[in-house]
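Printed here is structure02.cif (mmCIF, C-alpha atoms and all ligand atoms):
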```
data_input
loop_
_atom_site.label_atom_id
_atom_site.label_comp_id
_atom_site.auth_asym_id
_atom_site.auth_seq_id
_atom_site.Cartn_x
_atom_site.Cartn_y
_atom_site.Cartn_z
CA MET A 238 -41.53 64.85 0.49
CA SER A 239 -40.79 67.89 2.69
CA THR A 240 -40.73 71.27 0.96
CA GLN A 241 -39.11 73.01 3.92
CA ALA A 242 -35.63 74.49 3.42
CA PRO A 243 -32.97 72.85 5.64
CA ARG A 244 -32.58 74.74 8.88
CA ALA A 245 -29.38 76.82 9.26
CA PRO A 246 -27.01 75.25 11.80
CA LYS A 247 -26.99 76.74 15.26
CA HIS A 248 -24.44 79.53 15.70
CA VAL A 249 -21.75 78.73 18.27
CA SER A 250 -22.32 81.60 20.68
CA ILE A 251 -20.67 82.11 24.06
CA HIS A 252 -23.75 80.43 25.57
CA GLU A 253 -23.47 77.46 23.23
CA LEU A 254 -19.84 76.97 24.29
CA ARG A 255 -20.90 76.87 27.94
CA ARG A 256 -23.68 74.42 27.09
CA MET A 257 -21.12 72.23 25.33
CA LYS A 258 -18.95 72.18 28.44
CA GLN A 259 -21.92 71.23 30.60
CA ALA A 260 -22.88 68.49 28.17
CA GLY A 261 -19.30 67.21 28.06
CA GLU A 262 -19.03 67.96 24.32
CA ARG A 263 -15.48 68.83 23.27
CA PHE A 264 -15.10 71.75 20.87
CA THR A 265 -12.48 72.81 18.36
CA VAL A 266 -10.85 76.18 17.84
CA VAL A 267 -8.30 76.97 15.16
CA THR A 268 -6.56 80.16 14.13
CA ALA A 269 -7.10 81.85 10.77
CA TYR A 270 -5.73 85.11 9.47
CA ASP A 271 -7.35 85.57 6.06
CA ALA A 272 -10.61 84.96 4.22
CA THR A 273 -9.50 81.81 2.38
CA ALA A 274 -8.33 80.06 5.52
CA ALA A 275 -11.50 81.13 7.35
CA ARG A 276 -13.70 79.69 4.62
CA LEU A 277 -11.77 76.40 4.61
CA VAL A 278 -11.69 75.84 8.36
CA ALA A 279 -15.39 76.71 8.66
CA ALA A 280 -16.19 74.20 5.92
CA ALA A 281 -14.14 71.64 7.86
CA GLY A 282 -16.56 71.99 10.78
CA VAL A 283 -14.55 73.79 13.49
CA ASP A 284 -16.62 75.43 16.21
CA ALA A 285 -14.60 78.62 16.60
CA VAL A 286 -11.94 80.61 14.79
CA LEU A 287 -9.37 82.72 16.60
CA VAL A 288 -7.63 85.52 14.75
CA GLY A 289 -4.57 85.14 16.94
CA ASP A 290 -1.78 87.65 17.29
CA SER A 291 0.34 84.61 16.42
CA LEU A 292 -0.06 86.15 12.96
CA GLY A 293 2.94 88.28 13.96
CA MET A 294 5.02 85.12 13.74
CA VAL A 295 3.33 82.97 11.12
CA VAL A 296 2.19 85.71 8.71
CA GLN A 297 4.55 88.61 9.36
CA GLY A 298 7.70 86.61 10.13
CA HIS A 299 8.53 88.24 13.48
CA ASP A 300 10.05 86.15 16.25
CA SER A 301 7.35 87.21 18.75
CA THR A 302 3.78 88.52 18.79
CA LEU A 303 4.86 91.86 20.27
CA PRO A 304 5.07 93.95 17.07
CA VAL A 305 1.46 93.24 16.02
CA THR A 306 -0.66 96.40 16.04
CA LEU A 307 -4.36 96.97 16.65
CA ASP A 308 -4.80 98.22 13.07
CA GLN A 309 -3.30 94.97 11.78
CA MET A 310 -5.60 92.90 14.01
CA VAL A 311 -8.62 94.85 12.76
CA TYR A 312 -7.51 94.23 9.16
CA HIS A 313 -7.09 90.46 9.64
CA CYS A 314 -10.26 90.06 11.70
CA ALA A 315 -12.28 91.80 8.99
CA ALA A 316 -10.77 89.53 6.32
CA VAL A 317 -11.62 86.44 8.37
CA ARG A 318 -15.13 87.74 8.99
CA ARG A 319 -15.61 88.08 5.21
CA GLY A 320 -14.36 84.52 4.71
CA LEU A 321 -16.77 83.20 7.34
CA ALA A 322 -19.62 85.11 5.70
CA ARG A 323 -19.32 82.66 2.81
CA GLY A 324 -20.14 79.77 5.16
CA ASP A 325 -23.26 78.76 7.07
CA GLY A 326 -22.85 81.25 9.92
CA ARG A 327 -22.18 78.59 12.54
CA VAL A 328 -18.62 79.50 13.56
CA HIS A 329 -17.79 81.60 16.63
CA LEU A 330 -15.21 84.35 15.89
CA VAL A 331 -12.70 85.69 18.41
CA GLY A 332 -9.90 88.20 17.86
CA ASP A 333 -6.79 88.80 19.95
CA LEU A 334 -6.19 92.15 21.58
CA PRO A 335 -2.56 92.81 20.63
CA PHE A 336 0.26 93.79 22.95
CA GLY A 337 -0.02 97.40 24.09
CA SER A 338 -3.69 97.80 23.24
CA TYR A 339 -5.11 96.97 26.69
CA GLN A 340 -2.30 97.16 29.26
CA ALA A 341 -1.94 100.94 29.72
CA SER A 342 -5.46 101.91 30.73
CA LEU A 343 -9.02 100.63 31.03
CA GLU A 344 -10.09 103.20 28.43
CA ASP A 345 -7.52 101.88 25.94
CA ALA A 346 -8.76 98.36 26.56
CA VAL A 347 -12.43 99.19 25.99
CA ARG A 348 -11.63 101.21 22.87
CA ALA A 349 -9.46 98.44 21.43
CA ALA A 350 -12.10 95.78 22.09
CA ALA A 351 -14.77 98.00 20.55
CA ARG A 352 -12.67 98.45 17.40
CA LEU A 353 -12.14 94.71 16.99
CA ALA A 354 -15.89 94.15 17.38
CA ALA A 355 -17.10 97.09 15.26
CA GLU A 356 -14.47 97.16 12.50
CA GLY A 357 -13.09 93.64 12.67
CA GLY A 358 -16.47 91.94 13.07
CA VAL A 359 -15.43 89.64 15.95
CA GLU A 360 -17.98 88.59 18.54
CA ALA A 361 -15.43 88.33 21.35
CA VAL A 362 -11.88 89.38 22.15
CA LYS A 363 -9.09 87.48 23.84
CA LEU A 364 -6.53 88.99 26.17
CA GLU A 365 -3.56 87.59 28.05
CA GLY A 366 -3.06 87.83 31.81
CA GLY A 367 -4.34 86.64 35.16
CA ALA A 368 -6.00 88.23 38.18
CA ASP A 369 -4.20 91.53 37.46
CA TYR A 370 -6.43 91.87 34.39
CA ALA A 371 -9.74 91.16 36.12
CA GLU A 372 -10.73 94.84 36.06
CA VAL A 373 -9.86 95.11 32.35
CA VAL A 374 -12.09 92.10 31.66
CA ARG A 375 -14.90 93.58 33.72
CA ARG A 376 -14.81 96.87 31.82
CA ILE A 377 -14.76 95.28 28.37
CA VAL A 378 -17.59 92.91 29.26
CA ARG A 379 -19.54 95.84 30.70
CA ALA A 380 -19.11 97.58 27.34
CA GLY A 381 -20.83 94.59 25.74
CA VAL A 382 -17.91 92.63 24.29
CA PRO A 383 -17.37 89.08 25.59
CA VAL A 384 -13.81 88.31 26.73
CA MET A 385 -11.84 85.09 26.46
CA GLY A 386 -8.98 84.90 28.98
CA HIS A 387 -5.55 83.41 28.34
CA ILE A 388 -3.17 82.21 31.07
CA GLY A 389 -0.15 79.93 31.40
CA LEU A 390 2.36 80.66 28.67
CA THR A 391 1.26 84.12 27.59
CA PRO A 392 3.41 84.96 24.53
CA GLN A 393 3.02 88.73 24.95
CA SER A 394 5.01 88.36 28.21
CA VAL A 395 7.75 86.27 26.63
CA HIS A 396 10.54 88.45 28.02
CA LYS A 397 9.11 88.43 31.53
CA LEU A 398 8.66 84.65 31.38
CA GLY A 399 12.21 84.17 30.07
CA GLY A 400 11.15 82.37 26.90
CA TYR A 401 8.44 80.11 25.53
CA VAL A 402 8.50 77.69 28.46
CA VAL A 403 5.92 75.51 30.21
CA GLN A 404 4.26 77.36 33.11
CA GLY A 405 2.85 76.20 36.45
CA LYS A 406 5.21 73.32 37.04
CA ASP A 407 5.80 74.03 40.73
CA ALA A 408 3.10 74.10 43.38
CA ASP A 409 3.23 77.86 43.99
CA ARG A 410 2.93 78.79 40.32
CA ALA A 411 0.22 76.18 39.80
CA GLN A 412 -1.72 77.60 42.73
CA GLN A 413 -1.35 81.11 41.31
CA LEU A 414 -2.64 79.96 37.91
CA LEU A 415 -5.69 78.43 39.58
CA ARG A 416 -6.30 81.74 41.41
CA ASP A 417 -5.91 83.59 38.09
CA ALA A 418 -8.42 81.29 36.42
CA ARG A 419 -10.97 81.84 39.17
CA ALA A 420 -10.45 85.62 39.13
CA LEU A 421 -10.97 85.77 35.36
CA GLU A 422 -14.13 83.69 35.61
CA ALA A 423 -15.44 85.95 38.38
CA ALA A 424 -14.60 89.03 36.26
CA GLY A 425 -16.82 87.76 33.45
CA CYS A 426 -14.62 85.80 31.01
CA TYR A 427 -16.75 83.36 29.04
CA ALA A 428 -13.87 80.98 28.27
CA LEU A 429 -10.23 80.57 29.18
CA VAL A 430 -7.22 79.51 27.10
CA LEU A 431 -4.68 77.45 29.02
CA GLU A 432 -1.37 77.47 27.17
CA CYS A 433 1.54 75.14 27.94
CA ILE A 434 0.75 74.04 31.46
CA PRO A 435 0.92 70.52 32.91
CA THR A 436 -2.00 68.24 32.08
CA GLU A 437 -2.72 67.67 35.78
CA LEU A 438 -3.11 71.40 36.42
CA ALA A 439 -5.30 71.87 33.34
CA ARG A 440 -7.56 69.06 34.56
CA ILE A 441 -8.00 70.73 37.96
CA VAL A 442 -8.63 74.18 36.48
CA THR A 443 -11.14 72.74 34.01
CA SER A 444 -13.03 70.89 36.72
CA GLN A 445 -13.16 73.93 39.02
CA LEU A 446 -14.52 76.41 36.47
CA SER A 447 -18.01 76.67 35.08
CA ILE A 448 -16.68 78.41 31.95
CA PRO A 449 -15.01 76.27 29.27
CA THR A 450 -11.24 75.90 29.12
CA ILE A 451 -9.43 75.72 25.78
CA GLY A 452 -6.08 73.99 25.81
CA ILE A 453 -2.96 74.39 23.74
CA GLY A 454 -0.14 72.32 25.17
CA ALA A 455 -2.35 71.68 28.21
CA GLY A 456 -3.30 68.04 27.68
CA PRO A 457 -6.59 66.31 26.91
CA HIS A 458 -8.77 67.37 29.85
CA CYS A 459 -9.70 70.85 28.60
CA ASP A 460 -13.20 71.43 27.24
CA GLY A 461 -11.85 72.54 23.87
CA GLN A 462 -8.54 72.59 22.02
CA VAL A 463 -6.93 75.30 19.91
CA LEU A 464 -4.06 75.04 17.44
CA VAL A 465 -2.40 77.49 15.08
CA LEU A 466 -3.60 76.55 11.59
CA ASN A 467 -0.15 76.75 10.01
CA ASP A 468 1.19 74.34 12.66
CA LEU A 469 -1.49 71.68 12.26
CA LEU A 470 -1.16 71.89 8.47
CA GLY A 471 2.60 71.34 8.68
CA LEU A 472 3.44 74.51 6.78
CA ASP A 473 6.69 75.20 8.64
CA ASP A 474 9.19 72.32 8.77
CA ALA A 475 11.37 74.20 11.23
CA PHE A 476 8.64 74.53 13.89
CA THR A 477 7.54 71.36 15.67
CA PRO A 478 6.89 71.99 19.35
CA LYS A 479 5.83 68.99 21.47
CA PHE A 480 2.19 70.09 21.74
CA VAL A 481 1.63 70.36 17.98
CA LYS A 482 0.41 67.46 15.90
CA ARG A 483 0.90 67.94 12.17
CA PHE A 484 -2.30 66.68 10.57
CA ALA A 485 -0.89 67.30 7.09
CA GLU A 486 2.44 68.13 5.44
CA LEU A 487 1.29 71.09 3.38
CA GLY A 488 4.75 72.68 3.47
CA ARG A 489 6.02 69.76 1.38
CA SER A 490 2.91 69.86 -0.86
CA VAL A 491 3.37 73.59 -1.48
CA ARG A 492 7.04 73.14 -2.39
CA GLU A 493 6.23 70.27 -4.75
CA ALA A 494 3.35 72.14 -6.42
CA VAL A 495 5.34 75.35 -6.96
CA ALA A 496 8.37 73.40 -8.24
CA ALA A 497 6.11 71.57 -10.73
CA TYR A 498 4.65 74.90 -11.90
CA ALA A 499 8.13 76.41 -12.36
CA ALA A 500 9.35 73.33 -14.27
CA GLU A 501 6.37 73.44 -16.67
CA VAL A 502 6.80 77.17 -17.32
CA LYS A 503 10.48 76.64 -18.12
CA ALA A 504 9.67 73.64 -20.35
CA GLY A 505 6.96 75.61 -22.18
CA SER A 506 4.25 73.07 -21.29
CA PHE A 507 2.27 75.53 -19.15
CA PRO A 508 0.05 77.27 -20.09
CA ALA A 509 -1.34 74.57 -22.39
CA GLU A 510 -4.16 74.83 -24.90
CA GLU A 511 -6.83 74.37 -22.23
CA HIS A 512 -5.50 77.33 -20.22
CA SER A 513 -5.40 79.72 -23.18
CA PHE A 514 -7.97 82.11 -24.63
CA HIS A 515 -8.66 82.64 -28.33
CA ALA A 516 -10.44 85.48 -30.10
CA SER A 517 -9.95 85.14 -33.82
CA SER A 518 -12.30 88.01 -34.64
CA VAL A 519 -10.53 90.56 -32.46
CA ARG A 520 -8.97 93.49 -34.30
CA LEU A 521 -6.02 95.07 -32.50
CA VAL A 522 -5.05 98.67 -32.77
CA PRO A 523 -1.36 99.34 -32.13
CA VAL A 524 -0.74 101.76 -29.29
CA PRO A 525 1.62 104.52 -30.42
CA SER A 526 4.79 105.00 -28.41
CA ALA A 527 5.33 108.39 -26.86
CA ASP A 528 7.55 109.66 -29.73
CA GLN A 529 5.14 108.44 -32.48
CA GLY A 530 2.33 110.60 -33.64
CA PRO A 531 -1.31 109.57 -33.37
CA SER A 532 -1.15 108.47 -37.03
CA ALA A 533 0.53 105.16 -36.04
CA ALA A 534 -2.69 104.15 -34.31
CA ASP A 535 -4.43 104.35 -37.61
CA ASP A 536 -2.58 101.24 -38.88
CA ALA A 537 -5.02 98.60 -37.62
CA GLN A 538 -3.86 94.96 -37.55
CA ASP A 539 -5.67 91.63 -37.15
CA ALA A 540 -4.98 89.22 -34.28
CA THR A 541 -1.92 87.82 -36.10
CA GLY A 542 -0.39 91.24 -36.55
CA VAL A 543 -1.21 91.45 -40.30
CA PRO A 544 -2.17 94.98 -41.37
CA VAL A 545 -5.81 95.17 -42.43
O1 LIG B 601 -2.23 83.99 19.06
C1 LIG B 601 -2.66 82.84 19.05
O2 LIG B 601 -2.76 82.16 18.02
C2 LIG B 601 -3.09 82.28 20.33
C3 LIG B 601 -3.42 80.82 20.40
C4 LIG B 601 -2.25 79.99 20.14
C5 LIG B 601 -4.11 80.46 21.65
O3 LIG B 601 -3.15 82.97 21.29
#
```
Could you write out this structure as structure tokens?
Ligand code: KIV
Amino acid sequence: MSTQAPRAPKHVSIHELRRMKQAGERFTVVTAYDATAARLVAAAGVDAVLVGDSLGMVVQGHDSTLPVTLDQMVYHCAAVRRGLARGDGRVHLVGDLPFGSYQASLEDAVRAAARLAAEGGVEAVKLEGGADYAEVVRRIVRAGVPVMGHIGLTPQSVHKLGGYVVQGKDADRAQQLLRDARALEAAGCYALVLECIPTELARIVTSQLSIPTIGIGAGPHCDGQVLVLNDLLGLDDAFTPKFVKRFAELGRSVREAVAAYAAEVKAGSFPAEEHSFHASSVRLVPVPSADQGPSAADDAQDATGVPV
């Protein structure tokens, strides 16, 4: 019988993700925004967690990701990091640079990435944009923080794109997206999210890059896939885009569970005996109200309110 402790699983680093691509091993990424979700998705065996600025929509209730601030991203990344700390240390953690934190200057970008790494505990940041952002990527990577790129439907540019619509459908746009992908790889991105582009284009981009691609609405040929946790859990009945598969109907389960709780409270059947505490030996001392003198506190009572 071996007395050796089981070896900790290998951490999914940026190098491990590249190895997985080379070995043809698909990997899974899912979003999480808090410690509980992080702990659960890590226990489910995902390879990477993204603290996406999609939290602006699914957590904060905005209709875009634009209002999310850097402080809020730091807060959520740190919560997710604490959740992952309860697992086996295998999961790769990435945080989104929010709108406005990296577009105005290279200095802003490096500072924002450094905050997400230092205060939020992420090991990499993700930013949206193509070849125009190559220099931003270079500077952040030079500062020591790995960068994941994101092209195709880039939600922070929703107004420029004219809505949440599939990108790269015509030859010129497809060609531009391929150029963007190559420029981001050359600038030092270690992985690239392809959002809502045709399957055929995603297959070509994936085959032409040595860094892994991660698809969302980009078909099956990417090296990894990412989904928003709330979407795959079916938490929002009103949101069912074509690229989402609902792997559960937790929205319905939550409604049923909370309705059952409310019904039991109203019927007086919850809390039951097994949820209640008893302390027959406790002696209670009444707390005097503001207009009563301290003498009222002298009238001690037992747990049933009988003066003793
Ligand atoms: O913000 C986010 O969750 C994302 C993923 C959907 C890729 O960017």
**Prompt:** Within 10 Å of stretch 464-473 of chain A, counting all atoms listed in the file, which residues qualify if same-chain residues fewer than 5 places away don't, as number ranges by chain?
**Reply:** A: 265-270, 274, 278, 286-289, 291-292, 295-296, 451-454, 478, 480-492
**Request:** Calculate how many Å separate atom CA of A:Pro304 from atom CA of A:Gly400, rounding to one decimal.
**Result:** 16.4 Å
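In this structure, atom CA of A:Gly456 sits 27.4 Å away from atom CA of A:Val359.
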**Message:** as an MDAnalysis selection string, please: the residues near A:Leu438 (cut-off 9 Å, all atoms listed in the file, same-chain neighbours under 5 positions excluded).
**Reply:** chainID A and resid 405:406 411:412 414:415 443 455
**Message:** Between A:Thr450, A:Ser526, A:Gln404, A:Ser250, which residue has the minimum interatomic distance to ligand LIG 601 (chain B), considering only C-alpha atoms and all ligand atoms?
**Reply:** A:Thr450
**Request:** Write out as a list in words each polymer residue whose atoms come within 7 Å of A:Val374, counting only C-alpha atoms; drop sequence neighbours fewer than 2 positions from it.
**Result:** Tyr370, Ala371, Glu372, Arg376, Ile377, Val378, Val384, Ala424, Gly425 and Cys426 of chain A
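The two atoms in question, atom CA of A:Met310 and atom CA of A:Gly293, are spaced 9.7 Å apart.
Distances from A:Leu277, A:Ala420, A:Ala361, A:Ala349 to A:Val442 were compared using all atoms listed in the file, and the smallest one belongs to A:Ala420.
Counting all atoms listed in the file and comparing A:Ile441, A:Ala475, A:Leu334, A:Leu431, the residue that lies closest to A:Gln462 is A:Leu431.
Distances here use only C-alpha atoms; by that measure, the residue among A:Arg520, A:His512, A:Lys363, A:Arg244 closest to A:Tyr339 is A:Lys363.
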**For A:His458: contacts at 8 Å, all atoms listed in the file, fewer than 6 positions along chain excluded, given as a ChimeraX atom specification** = /A:436,439-440,443
Using only the atoms of stretch 325-332 of chain A listed in the file, plus 3 Å on each side, state the axis-aligned box centre and edge lengths in Å rounded to one decimal, as JSON.
```
{"center_x": -16.6, "center_y": 83.4, "center_z": 12.7, "size_x": 19.4, "size_y": 15.6, "size_z": 17.3}
```
**Fill in**
Among A:Ala242, A:Leu446, A:Met385, A:Val373, ligand LIG 601 (chain B) is approached most closely, using all atoms listed in the file, by A:Met385
Residue neighbourhood A:Leu390, 7 Å, all atoms listed in the file, exclusion window fewer than 3 positions, as a PDB file with C-alpha atoms, keeping the file's coordinate frame:
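Resulting contents of selection.pdb:
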```
ATOM      1  CA  TYR A 401       8.440  80.110  25.530  1.00  0.00           C
ATOM      2  CA  VAL A 402       8.500  77.690  28.460  1.00  0.00           C
ATOM      3  CA  VAL A 403       5.920  75.510  30.210  1.00  0.00           C
ATOM      4  CA  GLN A 404       4.260  77.360  33.110  1.00  0.00           C
ATOM      5  CA  GLU A 432      -1.370  77.470  27.170  1.00  0.00           C
ATOM      6  CA  CYS A 433       1.540  75.140  27.940  1.00  0.00           C
TER       7      CYS A 433
END
```
**Request:** Around the point (-25.0, 78.8, 15.4) in the file's coordinates, collect all residues with an atom within 6 Å, using all atoms listed in the file, and return them as a VMD selection string.
**Result:** chain A and resid 246 to 249 327
